[in-house]
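For reference, protein_38.csv (CSV, C-alpha atoms):
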```
chain,number,residue,atom,x,y,z
A,1,THR,CA,-126.2,10.1,70.5
A,2,ARG,CA,-127.7,7.8,73.0
A,3,THR,CA,-126.2,5.2,75.3
A,4,GLU,CA,-128.2,2.5,77.0
A,5,LYS,CA,-127.4,-0.4,79.3
A,6,ARG,CA,-129.4,-2.8,77.2
A,7,HIS,CA,-130.5,-3.1,73.6
A,8,THR,CA,-134.1,-4.3,73.7
A,9,HIS,CA,-137.1,-3.0,71.7
A,10,VAL,CA,-137.8,-0.5,74.6
A,11,GLU,CA,-134.4,1.2,74.2
A,12,TRP,CA,-134.7,1.1,70.4
A,13,LEU,CA,-138.1,2.8,70.6
A,14,ARG,CA,-136.6,5.5,72.9
A,15,PHE,CA,-133.8,6.1,70.3
A,16,LEU,CA,-136.3,6.2,67.4
A,17,LYS,CA,-138.4,8.8,69.3
A,18,GLN,CA,-135.3,10.8,70.0
A,19,ILE,CA,-134.4,10.8,66.3
A,20,ASP,CA,-137.9,11.8,65.4
A,21,ARG,CA,-137.8,14.7,67.9
A,22,GLU,CA,-134.4,15.9,66.8
A,23,THR,CA,-134.8,15.6,63.0
A,24,PRO,CA,-136.6,18.4,61.1
A,25,LYS,CA,-140.1,17.2,60.3
A,26,SER,CA,-139.6,18.0,56.6
A,27,LEU,CA,-137.0,15.2,56.3
A,28,ASP,CA,-137.5,11.5,55.7
A,29,ILE,CA,-135.4,9.3,57.9
A,30,HIS,CA,-133.7,6.2,56.4
A,31,LEU,CA,-132.7,3.5,58.9
A,32,ILE,CA,-130.2,1.0,57.8
A,33,GLN,CA,-130.2,-1.8,60.3
A,34,ASP,CA,-129.4,-5.4,60.8
A,35,ASN,CA,-131.9,-8.2,61.3
A,36,TYR,CA,-131.6,-8.2,65.1
A,37,ALA,CA,-134.9,-9.1,66.7
A,38,THR,CA,-135.0,-5.8,68.6
A,39,HIS,CA,-135.4,-4.0,65.3
A,40,LYS,CA,-138.3,-6.2,64.2
A,41,HIS,CA,-140.2,-6.3,67.5
A,42,GLU,CA,-144.0,-5.9,67.1
A,43,LYS,CA,-144.1,-2.7,69.1
A,44,VAL,CA,-141.3,-1.2,66.9
A,45,ALA,CA,-143.2,-2.2,63.8
A,46,VAL,CA,-146.4,-0.6,65.1
A,47,TRP,CA,-144.5,2.6,66.0
A,48,LEU,CA,-142.8,2.7,62.6
A,49,ALA,CA,-146.2,2.2,60.8
A,50,ARG,CA,-147.4,5.3,62.6
A,51,HIS,CA,-144.3,7.3,61.5
A,52,PRO,CA,-144.1,6.9,57.7
A,53,ARG,CA,-141.2,9.3,57.3
A,54,PHE,CA,-139.0,6.5,58.8
A,55,LYS,CA,-137.9,4.3,55.9
A,56,VAL,CA,-136.4,1.0,57.1
A,57,HIS,CA,-133.8,-0.9,55.1
A,58,PHE,CA,-132.6,-4.2,56.6
A,59,THR,CA,-129.2,-5.4,55.6
A,60,PRO,CA,-128.8,-8.8,54.1
A,61,THR,CA,-127.7,-11.4,56.7
A,62,SER,CA,-123.9,-11.7,56.8
A,63,SER,CA,-123.4,-8.8,54.4
A,64,SER,CA,-120.7,-6.3,54.2
A,65,TRP,CA,-123.1,-3.4,54.7
A,66,MET,CA,-122.3,-3.3,58.4
A,67,ASN,CA,-118.6,-3.3,57.9
A,68,ILE,CA,-118.4,0.5,57.6
A,69,VAL,CA,-120.4,0.8,60.8
A,70,GLU,CA,-118.1,-1.8,62.5
A,71,ARG,CA,-115.2,0.3,61.2
A,72,PHE,CA,-116.6,3.3,63.1
A,73,PHE,CA,-117.0,1.3,66.3
A,74,ALA,CA,-113.4,0.0,65.9
A,75,ASP,CA,-112.3,3.7,65.8
A,76,LEU,CA,-114.4,4.5,68.9
A,77,ASP,CA,-112.8,1.5,70.6
A,78,ALA,CA,-109.3,2.5,69.7
A,79,ASP,CA,-109.7,6.2,70.3
A,80,VAL,CA,-111.7,6.2,73.5
A,81,ILE,CA,-112.3,2.8,75.2
A,82,ARG,CA,-108.9,1.2,75.0
A,83,THR,CA,-106.9,4.3,75.6
A,84,GLY,CA,-109.1,5.5,78.5
A,85,SER,CA,-109.4,4.8,82.2
A,86,PHE,CA,-112.8,5.0,83.6
A,87,GLY,CA,-113.8,5.0,87.3
A,88,SER,CA,-117.5,4.5,86.4
A,89,VAL,CA,-119.9,3.8,83.6
A,90,ALA,CA,-120.9,7.5,83.7
A,91,GLU,CA,-117.2,8.5,82.9
A,92,LEU,CA,-117.2,6.0,80.0
A,93,VAL,CA,-120.5,7.4,78.7
A,94,ARG,CA,-119.2,11.0,79.1
A,95,ASP,CA,-116.0,10.2,77.0
A,96,ILE,CA,-118.0,8.4,74.3
A,97,GLU,CA,-120.4,11.3,74.0
A,98,ALA,CA,-117.5,13.8,73.8
A,99,TYR,CA,-116.0,11.7,71.1
A,100,LEU,CA,-119.3,11.5,69.2
A,101,ASP,CA,-119.8,15.3,69.6
A,102,GLU,CA,-116.3,15.9,68.1
A,103,ARG,CA,-116.9,13.4,65.2
A,104,ASN,CA,-120.2,15.0,64.4
A,105,ALA,CA,-118.8,18.5,64.5
A,106,ASN,CA,-115.8,17.5,62.3
A,107,PRO,CA,-117.0,14.4,60.3
A,108,ARG,CA,-114.5,12.4,58.4
A,109,PRO,CA,-116.0,10.3,55.6
A,110,TYR,CA,-115.4,6.6,55.4
A,111,LYS,CA,-114.6,5.7,51.8
A,112,TRP,CA,-115.9,2.5,50.4
A,113,LYS,CA,-112.9,0.9,48.8
A,114,ALA,CA,-114.3,-2.4,47.6
A,115,LYS,CA,-115.8,-2.6,44.1
A,116,GLY,CA,-119.4,-3.9,43.9
A,117,ALA,CA,-118.4,-6.6,41.4
A,118,GLU,CA,-115.7,-7.9,43.7
A,119,ILE,CA,-118.1,-8.1,46.6
A,120,LEU,CA,-120.8,-9.9,44.5
A,121,ASP,CA,-118.1,-12.4,43.3
A,122,LYS,CA,-117.0,-13.1,46.8
A,123,ILE,CA,-120.6,-13.8,47.8
A,124,LYS,CA,-121.0,-16.2,44.9
A,125,ARG,CA,-117.8,-18.0,45.9
A,126,ALA,CA,-119.0,-18.3,49.5
A,127,ARG,CA,-122.4,-19.7,48.4
A,128,ALA,CA,-120.6,-22.2,46.1
A,129,ALA,CA,-118.3,-23.2,48.9
A,130,LEU,CA,-121.3,-23.7,51.3
A,131,ASP,CA,-123.1,-25.7,48.6
A,132,ASN,CA,-120.0,-27.9,47.9
A,133,LEU,CA,-119.4,-28.6,51.5
A,134,ALA,CA,-123.1,-29.5,52.0
A,135,THR,CA,-122.9,-31.8,49.0
A,136,LEU,CA,-119.7,-33.5,50.2
A,137,LEU,CA,-121.2,-34.1,53.7
A,138,GLU,CA,-124.4,-35.5,52.1
A,139,ALA,CA,-122.3,-37.8,49.9
A,140,GLN,CA,-120.6,-39.1,53.0
A,141,GLY,CA,-124.0,-39.7,54.7
A,142,ARG,CA,-123.5,-36.9,57.1
A,143,THR,CA,-126.9,-35.2,56.4
A,144,THR,CA,-127.3,-34.0,59.9
A,145,GLU,CA,-124.1,-31.9,59.5
A,146,ALA,CA,-125.2,-30.7,56.0
A,147,LEU,CA,-128.6,-29.6,57.1
A,148,PRO,CA,-127.6,-26.3,58.8
A,149,LEU,CA,-125.5,-25.5,55.6
A,150,ARG,CA,-128.6,-26.1,53.4
A,151,GLN,CA,-130.7,-24.0,55.7
A,152,ALA,CA,-128.2,-21.1,55.6
A,153,LEU,CA,-128.1,-21.3,51.8
A,154,ARG,CA,-131.9,-21.2,51.6
A,155,ARG,CA,-131.9,-18.1,53.9
A,156,ILE,CA,-129.2,-16.4,51.8
A,157,GLU,CA,-131.0,-17.2,48.5
A,158,ALA,CA,-134.3,-15.9,49.9
A,159,GLU,CA,-132.8,-12.4,50.4
A,160,PRO,CA,-132.8,-9.9,47.6
A,161,PRO,CA,-129.4,-9.3,46.0
A,162,PHE,CA,-127.5,-6.1,47.0
A,163,HIS,CA,-128.6,-4.2,43.9
A,164,GLN,CA,-132.2,-4.4,45.0
A,165,PHE,CA,-131.6,-2.4,48.2
A,166,ASP,CA,-132.1,1.3,48.1
A,167,LEU,CA,-128.5,1.9,49.1
A,168,GLY,CA,-127.2,-0.7,46.7
A,169,ARG,CA,-125.6,2.1,44.7
A,170,ALA,CA,-122.8,2.1,47.3
A,171,VAL,CA,-121.9,-1.5,46.5
A,172,ALA,CA,-122.6,-1.2,42.8
A,173,GLY,CA,-119.8,1.3,42.3
A,174,VAL,CA,-120.8,4.8,43.4
A,175,ARG,CA,-117.6,6.6,44.3
A,176,ASP,CA,-119.0,9.1,46.7
A,177,PRO,CA,-117.7,8.6,50.3
A,178,VAL,CA,-120.1,7.5,53.0
A,179,ASP,CA,-120.7,10.3,55.4
A,180,LEU,CA,-121.3,8.5,58.7
A,181,ARG,CA,-122.7,10.7,61.5
A,182,VAL,CA,-123.8,9.0,64.7
```
Mind converting the file's structure to structure tokens?
Amino acid sequence: TRTEKRHTHVEWLRFLKQIDRETPKSLDIHLIQDNYATHKHEKVAVWLARHPRFKVHFTPTSSSWMNIVERFFADLDADVIRTGSFGSVAELVRDIEAYLDERNANPRPYKWKAKGAEILDKIKRARAALDNLATLLEAQGRTTEALPLRQALRRIEAEPPFHQFDLGRAVAGVRDPVDLRV
């Protein structure tokens, strides 16, 4: 557990170093992270290159991978932040850390309920809808409005499909619950 006032590459590196110190050296560490610039900073890349036991997996942009993490933060918000009253940031941090200690001592798995095929079908429909809207705008001579849609489609199509990610098994139908420990 670590709380920071900011989320720059400096704080991210501090967190990575903490994980490195607190995780047995015999274990590999798999990081599943979004494409936030902090995670891709040059100094972070250099540090990770020097620590090969860290395996980095970036989530596809706009993917459902982060939904389970967001579910956890929704629980944190509902169980601690909205129900609490804090006289200082230190009190808030104290309550968050107590919550995380309790969750880690008595973890409750989050169960993935969506089927992989349903998720992939939804992605296909979203891509088709973007393409149809861009085509419609272009047909109306509104190419300036269609351009961001075309750029988004190119970015999406450049990413590997879910099944090419190491943790793609979760989307592809593995029924094991996800054990999320912070």
Separation of atom CA of A:Thr8 from atom CA of A:Lys25 in Å: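 Calculated distance between atom CA of A:Lys25 and atom CA of A:Thr8 is 26.0 Å.
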Expressed in Å, the length from atom CA of A:Ala114 to atom CA of A:Ala152 is 24.6 Å
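Atom CA of A:His51 to atom CA of A:Thr3 spans 22.9 Å [interatomic distance, one decimal].
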For each of A:Gly87, A:Val44, A:Asp28, A:Asp79, take the minimum atom-to-atom distance to A:His9, counting all atoms listed in the file, then give the residue where this is smallest.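 With all atoms listed in the file as the atom set, the closest residue is A:Val44.
Close contacts of A:Thr1, defined as residues with an atom at most 9 Å away when counting all atoms listed in the file, with chain neighbours fewer than 2 positions off set aside, comprise Thr3, Phe15, Glu97, Leu100, Asp101 and Val182 of chain A.
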For A:Ala129, the nearest of the candidates A:Leu31, A:Leu153, A:Leu147, A:Leu76, counting all atoms listed in the file: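 Among the listed residues, A:Leu153 lies closest to A:Ala129.
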Residues near A:Val93, anyone? I mean within 12 Å using only C-alpha atoms, not counting same-chain ones fewer than 2 positions away, as a PDB file with C-alpha atoms, in the frame of the given file.
```pdb
ATOM      1  CA  THR A   1    -126.200  10.100  70.500  1.00  0.00           C
ATOM      2  CA  ARG A   2    -127.700   7.800  73.000  1.00  0.00           C
ATOM      3  CA  THR A   3    -126.200   5.200  75.300  1.00  0.00           C
ATOM      4  CA  GLU A   4    -128.200   2.500  77.000  1.00  0.00           C
ATOM      5  CA  LYS A   5    -127.400  -0.400  79.300  1.00  0.00           C
ATOM      6  CA  LEU A  76    -114.400   4.500  68.900  1.00  0.00           C
ATOM      7  CA  VAL A  80    -111.700   6.200  73.500  1.00  0.00           C
ATOM      8  CA  ILE A  81    -112.300   2.800  75.200  1.00  0.00           C
ATOM      9  CA  GLY A  84    -109.100   5.500  78.500  1.00  0.00           C
ATOM     10  CA  SER A  85    -109.400   4.800  82.200  1.00  0.00           C
ATOM     11  CA  PHE A  86    -112.800   5.000  83.600  1.00  0.00           C
ATOM     12  CA  GLY A  87    -113.800   5.000  87.300  1.00  0.00           C
ATOM     13  CA  SER A  88    -117.500   4.500  86.400  1.00  0.00           C
ATOM     14  CA  VAL A  89    -119.900   3.800  83.600  1.00  0.00           C
ATOM     15  CA  ALA A  90    -120.900   7.500  83.700  1.00  0.00           C
ATOM     16  CA  GLU A  91    -117.200   8.500  82.900  1.00  0.00           C
ATOM     17  CA  ASP A  95    -116.000  10.200  77.000  1.00  0.00           C
ATOM     18  CA  ILE A  96    -118.000   8.400  74.300  1.00  0.00           C
ATOM     19  CA  GLU A  97    -120.400  11.300  74.000  1.00  0.00           C
ATOM     20  CA  ALA A  98    -117.500  13.800  73.800  1.00  0.00           C
ATOM     21  CA  TYR A  99    -116.000  11.700  71.100  1.00  0.00           C
ATOM     22  CA  LEU A 100    -119.300  11.500  69.200  1.00  0.00           C
TER      23      LEU A 100
END
```
Selected residue, from A:Val46, A:Ile32, A:Leu120, A:Ala78, that lies nearest to A:Phe58 when counting only C-alpha atoms: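 The answer is A:Ile32, which sits nearest to A:Phe58.
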Go through A:Ile156, A:Arg82, A:Ile119, A:Leu149 one by one, measure the shortest atom-to-atom distance of each to A:Asn132 using all atoms listed in the file, and give the residue with the smallest value.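 Of A:Ile156, A:Arg82, A:Ile119, A:Leu149, the one nearest A:Asn132, counting all atoms listed in the file, is A:Leu149.
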For A:Ala128, the nearest of the candidates A:Glu42, A:Glu11, A:Asp77, A:Glu157, counting only C-alpha atoms: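 Selected residue with least distance to A:Ala128: A:Glu157.
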